[in-house]
Structure formats: structure tokens, C-alpha cells
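Comments concern the structure below.
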Protein chains: 2
Amino acid sequence: MKDIYAHIERHLDESLEMLMKLVRQPSVSAQNLGFDKAPGLVKSALEGVGMKVEIVQVPNGGKPTVFGTATAGPRASARGKQHTLLWYTHYDVQPPEPLELWETPPFEPVRKGDRIFGRGMSDDKGNVAARLAAMRAFQEVRGGLPSNIKFFVEGEEEIGSPNLPALVKQRGRDFKADVCIWEGGGRNLSGDPVMYLGLKGILTLKLRVRRLTGDAHSSYGTILPSATWRLVHALSTIRGDDGRVLIDGFYDAIRPATKAEDDALAALPDETEEWKKTFGTKELMGGKGLPLRKRHLFDPTATINGIISGYNGAGMKTVLPAEASAGMDFRLVPEQRPDDILRKLRAHLDKNGFKDIEIEGATGVIPARTPIESPWVKLVADTATEIYGRKPVIQPSMAGTGPMYDFAVTLGMPIATSGVDHPSHKIHAPNENITVEDFLLGAKQAALIMERFGEQGPG
Amino acid sequence: MKDIYAHIERHLDESLEMLMKLVRQPSVSAQNLGFDKAPGLVKSALEGVGMKVEIVQVPNGGKPTVFGTATAGPRASARGKQHTLLWYTHYDVQPPEPLELWETPPFEPVRKGDRIFGRGMSDDKGNVAARLAAMRAFQEVRGGLPSNIKFFVEGEEEIGSPNLPALVKQRGRDFKADVCIWEGGGRNLSGDPVMYLGLKGILTLKLRVRRLTGDAHSSYGTILPSATWRLVHALSTIRGDDGRVLIDGFYDAIRPATKAEDDALAALPDETEEWKKTFGTKELMGGKGLPLRKRHLFDPTATINGIISGYNGAGMKTVLPAEASAGMDFRLVPEQRPDDILRKLRAHLDKNGFKDIEIEGATGVIPARTPIESPWVKLVADTATEIYGRKPVIQPSMAGTGPMYDFAVTLGMPIATSGVDHPSHKIHAPNENITVEDFLLGAKQAALIMERFGEQGPG
């Protein structure tokens, strides 16, 4: 692989220039900003490494997906039947706000020493560019790729991929591959490479109750029904103060962790003190160490994202509000399903006398995990050890959510991760950046994954 | 009294002109608007009927009270020891907003037919002007007043009289009289004169909880304490869904209604259907008719005025909020005390494990009721029957709150009401107005009250 790595290093400045070009083009899905030009720019970048590229229209008028395909080169083809690797990434980015906290403008990349700053520099345009650098090296040094590649670059990941399940239903056969590498990965604070094999699902919704045609003077608190009290009482039945969700059957579908998952969990670093410090709290629910970690990665949640009713300005206003609402999310773990949890929530509210509480705008993502025992996981883990010089830390799941299910289960692909990430890159936050070192490591691992997959196949 | 009534009618236009002059001068206590000129204008009006007037500085830099005194005329003095009647009123008004709903500018009074529109035209400058018209009639027709009069015109009633208890503590002896007529009264929708003999107390406060230094991603709902869930759970222990307050000892100090109060309550009109229609609800807590009315006028409440936490904008934001707060009021009935209820609320939160919930900005007003059996109530009720040609409807208490306690209990005066009010006057709302008829009736009853009190004394 020395020839490939040398090419990646020799052409580093060009690769970074290409990444900065992608970042200069805003593509903020939450603000519908930049989607006139961004898909075309991504298409050009993929075509630049010899891919055939389609700008895929997404159901319900969603932001387009850019989808590229390339077949294995002649050397690989000489080995017989070629397998296919899917890169999943996305070109949309988080809103840059609050702008006043950026030291340089978010869409004008600036390099300072080993770091280049800009929105999307790491998440996820950095991963797109690193994988393209690896593909270019194979094309130019060896005259072709070591395996077939499909490159899926989504435009709605940062708003929860609302149209991805419908797109996969419609066009899934085109995206299907033997294995998949997810959007990111990289190193943790200790410098160990990190892999995660799953994402939680989610159900988000609003609870709303309206009991009067207008706000009333609070002296009518004697006799008028209060939307606010109704909502408070309904919410208080949903989750205990210890975090336990009180909806009948909420935990029924959860499969127990496998031994391999528990072992992987036991091997993860203890982040108890770091979490306490980061969030400024002396107490965490679930104690510390392994039990805390298990709870964080393997347990579902019920969280109130927001609640509002009545007067909340300066001083007091003695009003009895007509309406109250709360935003909630439930993080789900295998094999919970958002539609099932939604039904159970409705039944729970009805059973407890809260038929007047309406559920609005429910939307969901199904959880997914690739088994640790998968040969694909071993293949990718070995490349991490080789590139980073340390064994990777393997998280059976992240605590967060993503549309992995559509690829892992609907399309039936084992999914592992590799990438350019590092905690200092400030993804989603002001002053997002990437280090040149992480970019190089990510590109090299992407190249090694292609090479090993070309040699060994899906296992 | 025909001579007095004739004078009031003959000088009606001048009285209304004086009222409009008071209304032209804004005096919005919530907005600190107009207090450079308003007290002086009120002082001139009181001096116009021969009173000795002081602009009283209020503790804590509150808006001044205008306080006038006048002694009984020679005819009354000839009868021997003279008793004193206190008029309680206020010259501050509610904010005029929303301005776009006014058909004529709030501080430019306009007469249309029998109605004159403007902020404060009824509440409470109309009552000030009607009482002055009655006093002027005695001065000019009979050469003096039938009793001693004290005229207390407050400048902070519309913001909850925050400095009145301190002022009464400081200067109470000066304001003390034998009996008192409260700020308003008048007719109900059926045209019956209405008297109320009491006001509820109140305790207002904010509950606040902060558990993290900043908002967290909601995937940490597994392990991070949630301010929002804490507040929801704490609130849910304070009041049942049936309106019952669950704080230990909350109801202990309440004295049962007297037979006279219950009889008065039974005689009140049934407003069940009107309340349902006004507030657009099919259900009221407490059924209908007498039990509903008793609950409304005699029961204390716990009401959430507002609650806020986290993200409440469009769409969803999967955040775990660092902080949550709620505004609450407790309406109190005799002999509950706001400071006692505050202590009990704190003890309740502590006992239920909510030491992290902070109570902020607590402020209170003590409830008060004048006994129906008081001879003063009978005297005033008889004047209502005589002026309006119908027996008055007597409410032992209103559901609302006011600083009656400081006069009724601290200064030990029986308090009844009379005034110029009518439900069509839209007090506190856009297009506040007064009918000339109600002004005349209010002025005549004020005159008759003075006359009868001069003759009969405090009973």
C-alpha cells in the first residue's frame, strides 16, 4: 500500500483544496440553503475520480441525494467476481448559527497551522473528500479500483433523513452493496481509533392540549380546566424521575445485549468524570463506569425537548393558559419500532384519562446494530489497527440516532465505520474544523479498506 | 335627597368633563407612564370639592397615593360626634394594549350616544369622579358634607398594590375611618345592583430548576438529570387533576363559610352556562349551580400561569434542556396567609425530594371578607335598593384579589361596595367605556351612602 499512501500524501494539498471548495458552498438542510448548487458540485467531485454519477430526486421534494458508482479496475477484475462496497456520507451541514461565536466565517475555510476551519470541514464533507482521495490514488497509481464502489451522499442527514426510508423503498436495489462504511469515525481523545456499529432509533412528537378558547384570568382556576395542569399530569405519568419509561410494553421489544456486545462495552473507556465535567452536574442517572455506560448506549429514553404554556415574561401575569404543548423524543434500541411506541404512547394516554392530549407531527427512525461478530467488522477493525497503530475501540452502538436501519436491515448490509473525526473538530458547533493529520489517516484507512475488501470480499 | 340628585343631574356635563380630563392624563402603573402629572391632577380634583389633599410618598419608591380629607359640614356637626367614611379608589389604569383593537384612542375620550370611551373611564376614574360629584352636591346645595370623608386614591392597584401593606403600616392611623366603600360596584347583566364584601388573597411565585451548565444533546437523556422532568414531577405533586391542592396543611387555616355567607351564595344567579360559553369549554370543575359557585368564590386555587423549558420553535430540536421554570399563583381565602402557604410549599417540595427546585420572587396579598351581618353592609344594601329600585345581589367574596385586608383587618373597617360598573364597560380591555346612566346612578348612590351614614353612623 506504500504506493497508494505516497500518492495520497503527494496530492494532499489538492485534496484539501477540493474539500475547501465543497465547504465554500453552503448546504444547510435545516435552512434550505445552497441546494441549487451543492448537488452539482458534489457530482463533479465524484466524477473527478471516475464515477458515474446521478443526482437522485428524493420523495416528497426532499433535498437530492448524489449517488455515484464505479466498477473495479482490470487488476481486481482478473481475480473473478467483484464485490461492492457502499460509502454512506452526506453533503448537508448543520446551521452555522450562532455566527458571532465563529472566529472565521463558516463558509470561508481558513487554515491555521494543522487545522482548517469551516462548517462541514469534518462532518461530513471531510469524510467525502478523504474517501475520494483514496479512490483517486487507486485510479492514478494502479489504473483502477480494487472493488466496485457505490457512493451515497445524502442531502438531509442533518434534519433526520425524513425521506430516506421512502427513497430506499423506491430505489433500494440501486444502492444495495455487500458491505457499507458509515459516514464517520476516527479517533477519540486518547488517540485510539473508534468504530461504532449501531445507532439508536428515535420517535419525536409534540403533545398538545387546548381546553379553552382563550386564556382566562387565573381567578377562574377554581372551576376552569387547565391545559397546563393537564399536560403536566400527563407527562408525569410517562417517565419516572429515575428515567424509567412508564408506558405499558415500552421495553417489550428490546433484545438483550449479546455477550459480544457486553464484552465490547466492558472494554470501552470510562467517561463518567468527563461527562460530569462537560455537563456541569455532580449526579448522573445510573451511577458510574460500566453500568452507566451500558445504560447510555443500550437503554432507550424519554426526554422532554421543550415545554411551553402561558406567560413566561418578566414579572408575573396571573393568567390561566388556554393551551400547552411539549416536544418529546424517545431514543429507541433494537428491536423497538417508532410506530409501535407511538401506538403504545397513545394507549397509555387514553388509559390514564388523557384523551384530550393530542399527539402531533410524530416521526421516527428505526434503531439498528451490526453484530460485532460480523467478518466485515473484523476486516475494518484490522485496517484501523494497521493505520493508527492501535486496536480500535468498538462501540456496539452510539447513543445518537441515524438512518442506519434503512441500509443495515432494509438493504441487508453489515455496516462498520471509519473516518476523519476527532473530538476537537467541534462538529455541529461554531469553529468546526479538521486537522490535516486526521484527514490523512482517514484517507489512508479508506484506501486500505478498499484494498482488503477487494482481496477478501465480504467474508 | 331630591335637592342633591337634582344638583348631580344639573352638573352632569361638568362632572363628565372632569372625568374625561382625568382619563386624558395617562397613568399606567405597569408601564410607569404619566406619574409626573397624574397625582397633581387628582389632587386638584379632590381640592375642587373642598378637601385638604396630600400627595403621599409610598415606601420603596412606589407611585404616590393621593389622599384627601374633609370634615362634616355645620348641619351634620350640629348632630354631635361625627363619624368618618373612607372612599378607597385608584387613579392608575391597566395598559391600553393591544392598541389596534381600540376604535378611538384610549387617552382621548370620545362620547358616542350614552357611552364615553377611554382607558380608566370606568375602572377606576369613573368611580373617583362619581364620588366627587356627590360630594360637590352636598357642598353646594347644603353648605357642607353629611359626614367626615377620607378619600384614598391609590397609584398601584393595577400592579397588585405591592407597597400598600408597608404604607398602611407607616401611615395607617391617618387613613383609618369607621367604614369604607371599596373601589367599585354597580350593576350585573340583569341590571341588579351588585355588592361584594371580600377579595381573595394571593401568593405568586416562580419555580425554577437548573441541573446542567448548558443544554445537552437529547441522546444523553439516558444518564443526565433533566430540569424539565424534575419540574414536571414537582408540579404534578402540587395539585391533583381535580383541582385539589396536595400541599400538607394547605386547607388548614380556612374558616368554614358562615350561614349568612352560604345563604348569600344561594341567592346569587347561576352563571354556569355563561362561564362555559365565555371560555369555550363543555366541562367545569365542580359541576354546576350552587356547588360550582361556592367553589369559585370560596375555594383557594393553585394555577400554573406559565411554564417554559427548552426548544419550542417550529419543528423539533432534540435537546435536553438545562433549565426549566414555571410561574404559579395560589388564590387564598380567609384565613389563609401567603407567607404560611409559601412555607408549606417549600416544605412540600423538600419532603417530596425536590430540594433542587428553587422558589423565586414570592409575593402575596392576604384575603379579607367583611361579615354580611355587619350593619354597614345593611346600610349600603338599603341605599342600593333605593337607588336601583331592586335589592342588591350580595357576593360574600369575589374570586379575584385586592388589597382589602390592609383596610378591613389591619385598620379594622367594615367594607362594602358601590360604584359605576357594568359588564359592558369592558374594564381592562380595549374600548373601555362608561354609560352616562351608570355614572349618574353611581354618583347618586354615593351621595345617599354619605347621607345615611351621616344620619345612622357606623351602626
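Going by the C-alpha cells order, chains are called A, B, ..., each with residues numbered from 1, while ligands are numbered from 1 in the order shown.
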
Contact check, region 80-171 of chain A to region 175-181 of chain A, at most 9 Å, counting only C-alpha atoms, closest pairs as JSON lines:
{"residue": "A:His83", "atom": "CA", "partner": "A:Asp178", "partner_atom": "CA", "distance": 6.4}
{"residue": "A:Thr84", "atom": "CA", "partner": "A:Ala177", "partner_atom": "CA", "distance": 5.1}
{"residue": "A:Leu85", "atom": "CA", "partner": "A:Val179", "partner_atom": "CA", "distance": 5.2}
{"residue": "A:Leu86", "atom": "CA", "partner": "A:Cys180", "partner_atom": "CA", "distance": 4.6}
{"residue": "A:Trp87", "atom": "CA", "partner": "A:Ile181", "partner_atom": "CA", "distance": 5.2}
{"residue": "A:Tyr88", "atom": "CA", "partner": "A:Ile181", "partner_atom": "CA", "distance": 6.2}
{"residue": "A:Thr89", "atom": "CA", "partner": "A:Ile181", "partner_atom": "CA", "distance": 8.8}
{"residue": "A:Asn148", "atom": "CA", "partner": "A:Ala177", "partner_atom": "CA", "distance": 9.0}
{"residue": "A:Ile149", "atom": "CA", "partner": "A:Ala177", "partner_atom": "CA", "distance": 8.4}
{"residue": "A:Lys150", "atom": "CA", "partner": "A:Phe175", "partner_atom": "CA", "distance": 7.1}
{"residue": "A:Phe151", "atom": "CA", "partner": "A:Phe175", "partner_atom": "CA", "distance": 8.6}
{"residue": "A:Phe152", "atom": "CA", "partner": "A:Phe175", "partner_atom": "CA", "distance": 7.6}
{"residue": "A:Val168", "atom": "CA", "partner": "A:Phe175", "partner_atom": "CA", "distance": 7.8}
{"residue": "A:Arg171", "atom": "CA", "partner": "A:Phe175", "partner_atom": "CA", "distance": 7.0}

For the interface of chain B with chain A (cut-off 6 Å, counting only C-alpha atoms), please tabulate each contacting residue of chain B alongside its nearest pair of atoms and their separation in Å to one decimal, rows sorted by chain and increasing number, as a tab-separated table.
residue	atom	partner	partner_atom	distance
B:Leu212	CA	A:Gly280	CA	5.3
B:Thr213	CA	A:Gly280	CA	5.1
B:Ser219	CA	A:Gly400	CA	5.3
B:Gly221	CA	A:Thr303	CA	5.9
B:Thr222	CA	A:His296	CA	5.1
B:Ile223	CA	A:Met285	CA	4.5
B:Leu224	CA	A:Leu284	CA	5.3
B:Val232	CA	A:Val232	CA	5.6
B:His233	CA	A:Ser236	CA	5.5
B:Ser236	CA	A:His233	CA	5.5
B:Phe279	CA	A:Leu212	CA	5.5
B:Gly280	CA	A:Thr213	CA	5.0
B:Thr281	CA	A:Leu212	CA	5.7
B:Leu284	CA	A:Leu224	CA	5.3
B:Met285	CA	A:Ile223	CA	4.5
B:His296	CA	A:Thr222	CA	5.1
B:Thr301	CA	A:Thr222	CA	5.7
B:Thr303	CA	A:Gly221	CA	5.9
B:Asn305	CA	A:Val319	CA	5.1
B:Gly306	CA	A:Gly310	CA	4.1
B:Ile307	CA	A:Ser309	CA	5.3
B:Ile308	CA	A:Ile308	CA	4.6
B:Ser309	CA	A:Gly306	CA	5.2
B:Gly310	CA	A:Gly306	CA	4.1
B:Tyr311	CA	A:Gly306	CA	4.6
B:Asn312	CA	A:Gly306	CA	5.5
B:Thr318	CA	A:Asn305	CA	5.8
B:Val319	CA	A:Asn305	CA	5.1
B:Leu320	CA	A:Asn305	CA	5.5
B:Ala399	CA	A:Ser219	CA	5.5
B:Gly400	CA	A:Ser219	CA	5.3

N, CA and C atoms of the current selection, written as an mmCIF file, in the first residue's frame:
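The file below, part_7.cif, is the result:
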data_model
loop_
_atom_site.group_PDB
_atom_site.id
_atom_site.type_symbol
_atom_site.label_atom_id
_atom_site.label_comp_id
_atom_site.auth_asym_id
_atom_site.auth_seq_id
_atom_site.Cartn_x
_atom_site.Cartn_y
_atom_site.Cartn_z
ATOM 1 N N LEU B 212 -27.994 21.454 34.656
ATOM 2 C CA LEU B 212 -26.786 21.336 33.835
ATOM 3 C C LEU B 212 -26.264 22.738 33.560
ATOM 4 N N THR B 213 -24.994 22.825 33.156
ATOM 5 C CA THR B 213 -24.468 24.155 32.828
ATOM 6 C C THR B 213 -24.952 24.627 31.462
ATOM 7 N N SER B 219 -29.639 12.703 23.260
ATOM 8 C CA SER B 219 -29.186 11.312 23.399
ATOM 9 C C SER B 219 -28.633 11.064 24.805
ATOM 10 N N GLY B 221 -30.222 11.788 27.375
ATOM 11 C CA GLY B 221 -31.387 11.561 28.227
ATOM 12 C C GLY B 221 -31.276 10.276 29.039
ATOM 13 N N THR B 222 -30.409 9.387 28.625
ATOM 14 C CA THR B 222 -30.131 8.156 29.378
ATOM 15 C C THR B 222 -29.571 8.409 30.765
ATOM 16 N N ILE B 223 -28.666 9.386 30.852
ATOM 17 C CA ILE B 223 -27.868 9.497 32.091
ATOM 18 C C ILE B 223 -27.877 10.881 32.738
ATOM 19 N N LEU B 224 -28.281 11.915 31.979
ATOM 20 C CA LEU B 224 -28.231 13.260 32.567
ATOM 21 C C LEU B 224 -29.533 13.602 33.281
ATOM 22 N N VAL B 232 -41.678 19.036 35.990
ATOM 23 C CA VAL B 232 -42.958 18.374 35.716
ATOM 24 C C VAL B 232 -43.359 17.482 36.900
ATOM 25 N N HIS B 233 -42.388 16.712 37.389
ATOM 26 C CA HIS B 233 -42.722 15.824 38.516
ATOM 27 C C HIS B 233 -43.040 16.613 39.776
ATOM 28 N N SER B 236 -46.485 18.108 39.430
ATOM 29 C CA SER B 236 -47.567 17.120 39.474
ATOM 30 C C SER B 236 -47.906 16.702 40.898
ATOM 31 N N PHE B 279 -65.748 30.841 28.069
ATOM 32 C CA PHE B 279 -64.411 30.241 27.976
ATOM 33 C C PHE B 279 -64.339 29.089 26.980
ATOM 34 N N GLY B 280 -65.495 28.794 26.327
ATOM 35 C CA GLY B 280 -65.464 27.768 25.294
ATOM 36 C C GLY B 280 -65.132 26.390 25.827
ATOM 37 N N THR B 281 -65.727 26.013 26.949
ATOM 38 C CA THR B 281 -65.473 24.675 27.488
ATOM 39 C C THR B 281 -66.795 24.004 27.855
ATOM 40 N N LEU B 284 -66.765 22.124 33.476
ATOM 41 C CA LEU B 284 -66.198 22.970 34.527
ATOM 42 C C LEU B 284 -65.882 22.055 35.701
ATOM 43 N N MET B 285 -64.842 22.372 36.461
ATOM 44 C CA MET B 285 -64.547 21.576 37.645
ATOM 45 C C MET B 285 -65.537 21.992 38.721
ATOM 46 N N HIS B 296 -66.110 28.421 43.249
ATOM 47 C CA HIS B 296 -65.470 29.558 42.581
ATOM 48 C C HIS B 296 -65.180 30.709 43.553
ATOM 49 N N THR B 301 -57.044 28.188 45.135
ATOM 50 C CA THR B 301 -56.596 27.535 43.901
ATOM 51 C C THR B 301 -55.081 27.388 43.893
ATOM 52 N N THR B 303 -52.659 27.549 40.433
ATOM 53 C CA THR B 303 -52.705 27.674 38.975
ATOM 54 C C THR B 303 -51.298 27.866 38.422
ATOM 55 N N ASN B 305 -49.389 29.669 35.829
ATOM 56 C CA ASN B 305 -49.581 30.814 34.927
ATOM 57 C C ASN B 305 -48.759 30.664 33.658
ATOM 58 N N GLY B 306 -47.647 29.981 33.791
ATOM 59 C CA GLY B 306 -46.786 29.782 32.627
ATOM 60 C C GLY B 306 -45.742 28.742 32.948
ATOM 61 N N ILE B 307 -45.272 28.057 31.902
ATOM 62 C CA ILE B 307 -44.172 27.103 32.088
ATOM 63 C C ILE B 307 -43.329 27.159 30.825
ATOM 64 N N ILE B 308 -42.010 27.086 31.000
ATOM 65 C CA ILE B 308 -41.153 27.137 29.816
ATOM 66 C C ILE B 308 -39.861 26.373 30.076
ATOM 67 N N SER B 309 -39.434 25.664 29.042
ATOM 68 C CA SER B 309 -38.155 24.964 29.074
ATOM 69 C C SER B 309 -37.809 24.548 27.656
ATOM 70 N N GLY B 310 -36.533 24.622 27.312
ATOM 71 C CA GLY B 310 -36.041 24.044 26.065
ATOM 72 C C GLY B 310 -36.523 24.707 24.809
ATOM 73 N N TYR B 311 -36.607 23.897 23.767
ATOM 74 C CA TYR B 311 -36.917 24.394 22.423
ATOM 75 C C TYR B 311 -38.408 24.281 22.155
ATOM 76 N N ASN B 312 -39.020 25.386 21.751
ATOM 77 C CA ASN B 312 -40.446 25.385 21.459
ATOM 78 C C ASN B 312 -40.756 26.068 20.138
ATOM 79 N N THR B 318 -33.858 18.105 19.101
ATOM 80 C CA THR B 318 -33.686 17.026 20.073
ATOM 81 C C THR B 318 -32.671 17.432 21.130
ATOM 82 N N VAL B 319 -33.153 18.299 22.021
ATOM 83 C CA VAL B 319 -32.300 18.880 23.049
ATOM 84 C C VAL B 319 -32.784 18.414 24.426
ATOM 85 N N LEU B 320 -31.863 18.346 25.371
ATOM 86 C CA LEU B 320 -32.206 18.067 26.767
ATOM 87 C C LEU B 320 -31.925 19.369 27.512
ATOM 88 N N ALA B 399 -63.932 36.308 43.257
ATOM 89 C CA ALA B 399 -62.908 35.288 43.007
ATOM 90 C C ALA B 399 -61.535 35.934 42.860
ATOM 91 N N GLY B 400 -61.533 37.228 42.583
ATOM 92 C CA GLY B 400 -60.276 37.952 42.363
ATOM 93 C C GLY B 400 -59.630 38.411 43.654
#

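When CA of Ala78 (chain A) is paired with CA of Gly144 (chain A), their separation reads 11.8 Å.
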
| task | Enumerate the residues of region 177-399 of chain B with a DSSP assignment of helix (DSSP H, G or I), computed from the backbone, and present them as JSON, numbers by chain. | result | {"B": [218, 219, 220, 221, 222, 227, 228, 229, 230, 231, 232, 233, 234, 235, 236, 259, 260, 261, 262, 263, 264, 265, 266, 267, 272, 273, 274, 275, 276, 277, 278, 279, 289, 290, 291, 292, 293, 294, 295, 296, 297, 298, 338, 339, 340, 341, 342, 343, 344, 345, 346, 347, 348, 349, 350, 351, 375, 376, 377, 378, 379, 380, 381, 382, 383, 384, 385, 386, 387, 388]}

| message | Need to verify the contact set: region 423-430 of chain A, 6 Å, only C-alpha atoms, exclusion of same-chain residues closer than 4 positions in sequence. Can you return it as number ranges by chain? | response | A: 94, 101-102, 434
